[in-house]
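protein.cif follows; it contains mmCIF, C-alpha atoms.
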```cif
data_input
#
loop_
_atom_site.label_atom_id
_atom_site.label_comp_id
_atom_site.auth_asym_id
_atom_site.auth_seq_id
_atom_site.Cartn_x
_atom_site.Cartn_y
_atom_site.Cartn_z
CA MET A 1 -19.38 -8.39 -6.04
CA LEU A 2 -19.02 -12.06 -5.06
CA PRO A 3 -16.17 -12.79 -2.59
CA ALA A 4 -14.96 -15.64 -4.80
CA ARG A 5 -14.58 -13.29 -7.75
CA ILE A 6 -12.72 -10.71 -5.63
CA ALA A 7 -10.33 -13.41 -4.43
CA ALA A 8 -9.73 -14.59 -7.99
CA LEU A 9 -8.94 -11.08 -9.25
CA LEU A 10 -6.52 -10.47 -6.35
CA GLU A 11 -4.73 -13.79 -6.86
CA PRO A 12 -1.82 -12.52 -9.04
CA PHE A 13 -0.91 -9.76 -6.57
CA LEU A 14 -0.58 -11.86 -3.43
CA GLY A 15 2.47 -13.97 -4.16
CA PRO A 16 2.99 -17.69 -3.51
CA PRO A 17 0.10 -19.46 -1.73
CA ASP A 18 2.15 -20.00 1.45
CA ASP A 19 2.78 -16.24 1.77
CA ARG A 20 -0.73 -14.89 1.45
CA ARG A 21 -2.71 -14.11 4.57
CA LEU A 22 -5.93 -12.52 3.33
CA THR A 23 -8.83 -13.69 5.46
CA THR A 24 -12.51 -14.06 4.69
CA ASN A 25 -13.05 -10.94 6.79
CA ASP A 26 -10.51 -9.06 4.62
CA ILE A 27 -12.41 -10.06 1.48
CA GLN A 28 -15.69 -8.94 3.06
CA GLN A 29 -14.12 -5.58 3.95
CA ILE A 30 -12.95 -5.17 0.36
CA SER A 31 -16.46 -5.98 -0.88
CA THR A 32 -17.93 -3.36 1.49
CA TYR A 33 -15.30 -0.86 0.35
CA ILE A 34 -16.19 -1.41 -3.33
CA ASP A 35 -19.90 -0.82 -2.67
CA LEU A 36 -19.15 2.36 -0.71
CA LEU A 37 -16.73 3.61 -3.37
CA LEU A 38 -19.28 3.14 -6.16
CA ARG A 39 -22.02 4.95 -4.21
CA TRP A 40 -19.83 7.94 -3.35
CA ASN A 41 -18.31 8.01 -6.82
CA ALA A 42 -21.75 8.82 -8.22
CA ARG A 43 -21.63 12.10 -6.25
CA ILE A 44 -17.96 13.06 -6.16
CA ASN A 45 -15.14 12.10 -8.50
CA LEU A 46 -13.14 9.56 -6.51
CA THR A 47 -11.96 7.37 -9.39
CA ALA A 48 -12.36 7.32 -13.16
CA ILE A 49 -12.57 3.52 -13.01
CA ARG A 50 -16.17 2.49 -12.38
CA ASP A 51 -16.19 -1.20 -13.29
CA PRO A 52 -15.57 -3.43 -10.23
CA GLU A 53 -13.78 -5.91 -12.49
CA GLN A 54 -11.17 -3.19 -13.07
CA ILE A 55 -11.35 -1.56 -9.62
CA VAL A 56 -10.26 -4.75 -7.83
CA PRO A 57 -6.95 -5.32 -9.69
CA ARG A 58 -6.14 -1.67 -10.42
CA HIS A 59 -6.79 -0.27 -6.94
CA PHE A 60 -6.93 -3.14 -4.46
CA GLY A 61 -4.49 -5.47 -6.21
CA GLU A 62 -1.74 -2.88 -6.63
CA SER A 63 -2.26 -1.60 -3.08
CA LEU A 64 -2.07 -5.10 -1.59
CA PHE A 65 1.00 -5.80 -3.71
CA MET A 66 2.64 -2.86 -1.98
CA ALA A 67 1.34 -3.99 1.42
CA ARG A 68 2.77 -7.50 1.22
CA HIS A 69 6.22 -6.14 0.32
CA LEU A 70 6.14 -3.63 3.16
CA PHE A 71 4.69 -6.03 5.71
CA PRO A 72 5.64 -9.58 4.68
CA TYR A 73 4.65 -12.65 6.66
CA ASP A 74 7.32 -15.23 7.37
CA GLY A 75 5.81 -18.68 7.65
CA GLY A 76 2.95 -17.49 9.82
CA SER A 77 5.24 -15.74 12.30
CA GLU A 78 5.26 -12.08 13.21
CA PRO A 79 5.44 -9.83 10.12
CA ALA A 80 8.75 -8.10 9.72
CA LEU A 81 9.18 -4.42 9.00
CA GLU A 82 12.77 -3.97 7.94
CA THR A 83 14.08 -0.70 9.32
CA GLU A 84 17.73 -1.02 8.31
CA PRO A 85 18.52 0.03 4.75
CA ALA A 86 20.43 -2.30 2.46
CA PRO A 87 24.15 -1.70 1.95
CA GLU A 88 25.09 0.06 -1.27
CA GLY A 89 24.63 -2.21 -4.28
CA ARG A 90 22.51 -4.72 -2.39
CA SER A 91 18.73 -4.90 -2.51
CA ILE A 92 16.54 -6.22 0.28
CA LEU A 93 13.45 -6.85 -1.83
CA ALA A 94 14.66 -7.31 -5.39
CA GLN A 95 17.43 -6.38 -7.77
CA PRO A 96 17.40 -2.63 -8.46
CA PHE A 97 16.01 -1.65 -11.83
CA SER A 98 18.49 -0.01 -14.15
CA ALA A 99 18.01 1.76 -17.46
CA GLY A 100 17.87 -0.56 -20.44
CA LYS A 101 16.78 -3.58 -18.41
CA GLN A 102 13.35 -4.95 -17.81
CA PRO A 103 12.20 -4.97 -14.18
CA PRO A 104 11.77 -8.41 -12.62
CA HIS A 105 8.39 -10.03 -13.13
CA GLU A 106 6.81 -12.09 -10.41
CA PRO A 107 5.25 -15.27 -11.80
CA SER A 108 1.52 -15.26 -11.58
CA PRO A 109 0.24 -18.11 -9.40
CA VAL A 110 -2.74 -18.52 -11.71
CA GLY A 111 -2.12 -19.92 -15.19
CA THR A 112 -3.57 -17.78 -17.94
CA ALA A 113 -4.90 -20.85 -19.71
CA HIS A 114 -7.17 -21.76 -16.79
CA SER A 115 -10.86 -21.12 -17.10
CA GLU A 116 -12.53 -18.49 -14.94
CA ALA A 117 -14.31 -21.16 -12.91
CA SER A 118 -11.03 -22.97 -12.29
CA THR A 119 -9.34 -19.72 -11.26
CA ILE A 120 -12.05 -18.96 -8.70
CA ALA A 121 -11.91 -22.50 -7.38
CA GLN A 122 -8.17 -22.16 -6.84
CA ALA A 123 -8.38 -18.71 -5.27
CA VAL A 124 -11.01 -19.35 -2.63
CA PRO A 125 -9.18 -22.04 -0.59
CA ARG A 126 -6.16 -19.73 -0.36
CA VAL A 127 -8.16 -17.18 1.62
CA ALA A 128 -7.67 -17.94 5.30
CA THR A 129 -10.48 -18.45 7.79
CA ASP A 130 -11.76 -15.86 10.23
CA THR A 131 -9.98 -17.74 13.03
CA ASN A 132 -6.69 -16.98 11.30
CA ALA A 133 -7.65 -13.31 11.18
CA ALA A 134 -7.50 -13.14 14.98
CA ASP A 135 -4.25 -15.08 15.01
CA ARG A 136 -2.79 -12.71 12.42
CA SER A 137 -3.70 -9.65 14.47
CA GLN A 138 -2.07 -11.09 17.59
CA LEU A 139 1.07 -12.05 15.71
CA ALA A 140 1.23 -8.65 14.05
CA THR A 141 1.15 -6.69 17.31
CA ARG A 142 3.09 -9.00 19.62
CA GLY A 143 6.39 -7.54 20.74
CA SER A 144 6.34 -4.58 18.34
CA LYS A 145 5.54 -0.93 18.66
CA LEU A 146 2.67 0.69 16.83
CA LEU A 147 4.16 1.49 13.44
CA ARG A 148 3.25 4.80 11.85
CA VAL A 149 2.33 4.87 8.16
CA VAL A 150 1.58 8.15 6.39
CA ASP A 151 -0.16 8.19 3.00
CA LEU A 152 -0.04 11.42 0.99
CA GLY A 153 -2.85 12.55 -1.32
CA SER A 154 -4.99 9.59 -0.28
CA GLY A 155 -7.90 10.40 -2.61
CA ALA A 156 -10.19 7.36 -2.64
CA GLY A 157 -7.98 5.58 -0.09
CA PHE A 158 -5.44 3.77 -2.26
CA PRO A 159 -3.00 2.37 -1.34
CA ALA A 160 -3.63 3.39 2.29
CA LEU A 161 -6.81 1.52 3.26
CA PRO A 162 -5.92 -1.81 1.62
CA ILE A 163 -2.57 -1.60 3.44
CA LYS A 164 -4.48 -1.13 6.70
CA ILE A 165 -6.68 -4.13 5.88
CA TRP A 166 -3.57 -6.21 5.22
CA ALA A 167 -1.62 -4.90 8.25
CA PRO A 168 -4.13 -3.92 10.96
CA GLN A 169 -1.31 -3.34 13.47
CA ILE A 170 -0.21 -0.05 11.88
CA HIS A 171 -1.30 3.45 12.83
CA LEU A 172 -2.41 5.02 9.55
CA THR A 173 -2.55 8.71 8.76
CA MET A 174 -4.12 9.75 5.46
CA ILE A 175 -3.45 13.29 4.25
CA GLU A 176 -5.98 14.55 1.70
CA SER A 177 -6.54 18.26 1.06
CA ASN A 178 -9.90 17.79 -0.71
CA HIS A 179 -12.50 17.97 2.06
CA LYS A 180 -15.09 15.86 0.21
CA LYS A 181 -12.55 13.10 -0.36
CA ALA A 182 -11.42 13.39 3.26
CA ALA A 183 -15.05 12.90 4.32
CA PHE A 184 -15.19 9.74 2.19
CA LEU A 185 -12.02 8.42 3.83
CA ARG A 186 -13.51 8.91 7.29
CA GLU A 187 -16.72 7.17 6.24
CA ALA A 188 -14.77 4.29 4.69
CA ALA A 189 -12.74 3.78 7.87
CA ARG A 190 -15.97 3.77 9.90
CA ALA A 191 -17.76 1.37 7.52
CA LEU A 192 -14.81 -1.02 7.55
CA THR A 193 -14.52 -0.77 11.37
CA LEU A 194 -10.84 0.12 11.11
CA THR A 195 -9.13 1.70 14.12
CA ASP A 196 -5.94 3.72 14.67
CA ILE A 197 -6.66 5.91 11.64
CA ASP A 198 -6.35 9.67 11.28
CA VAL A 199 -7.57 11.67 8.29
CA ILE A 200 -6.04 15.13 7.89
CA ALA A 201 -7.77 17.46 5.45
CA GLU A 202 -4.77 19.68 4.73
CA ARG A 203 -2.13 20.08 2.07
CA ALA A 204 0.89 17.85 2.64
CA GLU A 205 3.14 20.93 2.61
CA SER A 206 1.28 22.41 5.57
CA VAL A 207 1.48 19.21 7.57
CA ALA A 208 5.18 18.75 6.75
CA ALA A 209 5.87 22.24 8.06
CA ARG A 210 4.69 21.14 11.52
CA ILE A 211 7.17 18.27 11.83
CA GLY A 212 9.53 18.96 14.70
CA GLU A 213 7.66 21.97 16.01
CA ALA A 214 7.22 22.58 19.74
CA PRO A 215 4.39 20.61 21.42
CA THR A 216 2.35 23.78 21.84
CA LYS A 217 2.19 24.19 18.06
CA ASN A 218 0.51 20.86 17.28
CA PRO A 219 3.55 19.11 15.76
CA PHE A 220 3.30 16.17 13.40
CA GLN A 221 5.33 13.05 14.12
CA PRO A 222 7.34 11.48 11.26
CA ALA A 223 6.57 7.91 10.19
CA GLU A 224 8.35 4.61 9.67
CA VAL A 225 6.65 4.23 6.26
CA VAL A 226 5.47 6.91 3.82
CA THR A 227 3.37 5.93 0.79
CA PHE A 228 1.70 7.55 -2.19
CA ARG A 229 0.71 6.85 -5.77
CA ALA A 230 2.46 8.81 -8.48
CA VAL A 231 0.52 11.92 -9.42
CA GLU A 232 0.84 14.69 -12.00
CA ARG A 233 2.84 16.79 -9.52
CA PHE A 234 5.15 13.86 -8.85
CA THR A 235 8.39 15.87 -8.89
CA GLN A 236 6.95 18.36 -6.39
CA VAL A 237 5.39 15.77 -4.08
CA LEU A 238 8.47 13.56 -3.80
CA PRO A 239 10.72 15.99 -1.87
CA ILE A 240 7.80 16.87 0.41
CA ALA A 241 7.23 13.17 1.10
CA THR A 242 10.82 12.74 2.31
CA LYS A 243 10.13 15.23 5.11
CA PHE A 244 7.70 12.76 6.69
CA LEU A 245 10.33 10.02 7.05
CA ALA A 246 11.56 9.05 10.50
CA PRO A 247 15.15 7.74 10.88
CA ASN A 248 15.60 4.40 9.09
CA ALA A 249 12.17 4.78 7.50
CA ARG A 250 11.05 3.69 4.06
CA MET A 251 9.06 5.26 1.26
CA ALA A 252 6.86 3.18 -1.05
CA VAL A 253 5.53 4.63 -4.30
CA LEU A 254 3.48 3.21 -7.16
CA ILE A 255 4.94 4.71 -10.35
CA THR A 256 5.32 4.05 -14.07
CA LYS A 257 8.56 3.33 -15.91
CA THR A 258 8.53 6.83 -17.37
CA GLN A 259 8.66 8.29 -13.85
CA LEU A 260 11.66 6.22 -12.80
CA ALA A 261 14.19 8.85 -13.89
CA GLU A 262 12.41 11.46 -11.78
CA LEU A 263 12.46 9.10 -8.82
CA GLN A 264 16.21 8.64 -9.09
CA THR A 265 16.78 12.38 -8.79
CA GLN A 266 16.26 11.87 -5.06
CA THR A 267 19.92 11.04 -4.49
CA SER A 268 19.50 10.91 -0.71
CA MET A 269 17.67 7.58 -1.10
CA THR A 270 18.46 4.13 -2.44
CA TRP A 271 15.60 2.70 -4.52
CA THR A 272 14.47 -0.81 -5.33
CA THR A 273 11.81 -1.38 -7.99
CA ILE A 274 9.51 -4.35 -8.58
CA HIS A 275 7.21 -4.86 -11.54
CA VAL A 276 3.51 -4.71 -10.63
CA PRO A 277 1.63 -7.82 -11.84
CA LYS A 278 -0.95 -7.38 -14.61
CA SER A 279 0.55 -4.00 -15.49
CA HIS A 280 2.42 -3.06 -18.65
CA ASN A 281 4.66 -0.37 -17.13
CA GLY A 282 3.68 -0.17 -13.45
CA LEU A 283 6.40 -0.34 -10.81
CA LEU A 284 6.45 -0.50 -7.04
CA ALA A 285 9.42 1.54 -5.84
CA ILE A 286 10.66 1.27 -2.26
CA GLY A 287 13.26 3.74 -1.07
CA TYR A 288 15.61 3.77 1.89
CA ILE A 289 17.48 6.78 3.17
CA LYS A 290 21.12 6.23 2.29
CA TRP A 291 23.31 5.39 5.22
CA HIS A 292 27.00 6.10 5.65
CA LYS A 293 29.76 4.16 7.36
#
```

Take the structure I supplied and represent it as structure tokens, if you would.
Amino acid sequence: MLPARIAALLEPFLGPPDDRRLTTNDIQQISTYIDLLLRWNARINLTAIRDPEQIVPRHFGESLFMARHLFPYDGGSEPALETEPAPEGRSILAQPFSAGKQPPHEPSPVGTAHSEASTIAQAVPRVATDTNAADRSQLATRGSKLLRVVDLGSGAGFPALPIKIWAPQIHLTMIESNHKKAAFLREAARALTLTDIDVIAERAESVAARIGEAPTKNPFQPAEVVTFRAVERFTQVLPIATKFLAPNARMAVLITKTQLAELQTQTSMTWTTIHVPKSHNGLLAIGYIKWHK
């Protein structure tokens, strides 16, 4: 798939032009990822979506939308990972979504009336150069510890691997119980030359049970960020996911409006929701553990 077309399809998910920091190397990694995904998908069922024109916005776009809210760039300076939750009634990222109200929509930077050629022409200049990729990596790691991100039920690698492409400074752990899918994740990390990645081929429940165990029992360390996409067993996965959270950590979940009520049953967390661009009922939900005075 042509890099210009990938950039054009990702345009609505990346925010205002001054905020986006995708590099030409990032786009090339996404192109490599798509090719690898299509080849493996012919042998094992990684995704029901097989058209690259749909794969880019549905998988990469939504994942990068999550990434830029978790790891925003501030005028080219070091990306901030907010670790303090918002006070009650105040949202850090957006106004909380409440029943009976529409979630906030982010304006698309590309006008729908523009032609495809015009859209591509606008998208390409907003992809940074490879020189900026090195600058971004230095800014991302300067003066900050290695942040741990855990993705549950990683499947074909979404949202985990696009987040890693966007924020190379993180240490990423992908937990996927299906061994064939876990093998794909390892191959994808190798093909994309991504480092600081672990793939654990176990059930999330088993890994969660090791958190806090003695060093001799191979404990698992909690993370500053926990992510996953909503699945059929959403109500069962959600309480397990909270066990992976370190103090002052955040959870980011891609859900639908119909799953919002289930999300709010987790009363130990304060949630903020943001409408996903190009989606009828998709939401990005980011939760903070409630804090007390």

When you look at region 250-262 of chain A with a cut-off of 6 Å (counting all atoms listed in the file), what residues show up, excluding the ones that are within fewer than 4 positions of it in the same chain? I need them as number ranges by chain.
A: 225-230, 281-288

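Distance annotation: of A:His275, A:Arg190, A:Lys243, A:His171, the residue with the minimal separation from Ala209 (chain A) is A:Lys243; atom set is all atoms listed in the file.
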
Residues matched by the PyMOL selection byres ((chain A and resi 33-37) around 9) as a ChimeraX atom specification:
/A:1,28-32,38-42,46-47,52,55-56,156,184,187-188,191-192

Evaluate the PyMOL selection byres ((chain A and resi 197) around 9) here and jot the selected residues down as a PyMOL selection string.
chain A and resi 164+170-174+186+189+194-196+198-199

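Note that the spacing between CA of Leu22 (chain A) and CA of Gln54 (chain A) amounts to 19.6 Å.
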
I'd like the box whose edges run along x, y and z of the file and which contains every listed atom of region 260-278 of chain A, padded by 3 Å per side; could you state its centre and edge lengths in Å, one decimal, as AutoDock Vina command-line options?
```
--center_x 9.5 --center_y 2.3 --center_z -7.7 --size_x 26.9 --size_y 26.2 --size_z 19.9
```

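Among the candidates A:Ser154, A:Thr235, A:Ser63, A:Thr193, the residue lying nearest to Ile175 (chain A) is A:Ser154 (atoms considered: all atoms listed in the file).
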
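Relative to CA of Phe13 (chain A), CA of Glu53 (chain A) is found at 14.7 Å.
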
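Here CA of Trp166 (chain A) stands at a distance of 10.5 Å from CA of Tyr73 (chain A).
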
Calculated over only C-alpha atoms, which of the candidates A:Gly15, A:Lys181, A:Gln236, A:Glu205 has the smallest distance to Leu64 (chain A)?
A:Gly15

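Of the residues under consideration (A:Ser177, A:Thr242, A:Asn45, A:Ser268), A:Thr242 shows the shortest atom-to-atom contact distance to Ala223 (chain A) when counting all atoms listed in the file.
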
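Compared by their closest atoms to Pro159 (chain A), and using only C-alpha atoms, the residues A:Lys180, A:Met66, A:Asp26, A:Gln266 rank with A:Met66 nearest.
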
Using all atoms listed in the file for the distances, tell me which of A:Pro168, A:Arg58, A:Pro12, A:Arg210 is nearest to Phe71 (chain A).
A:Pro168
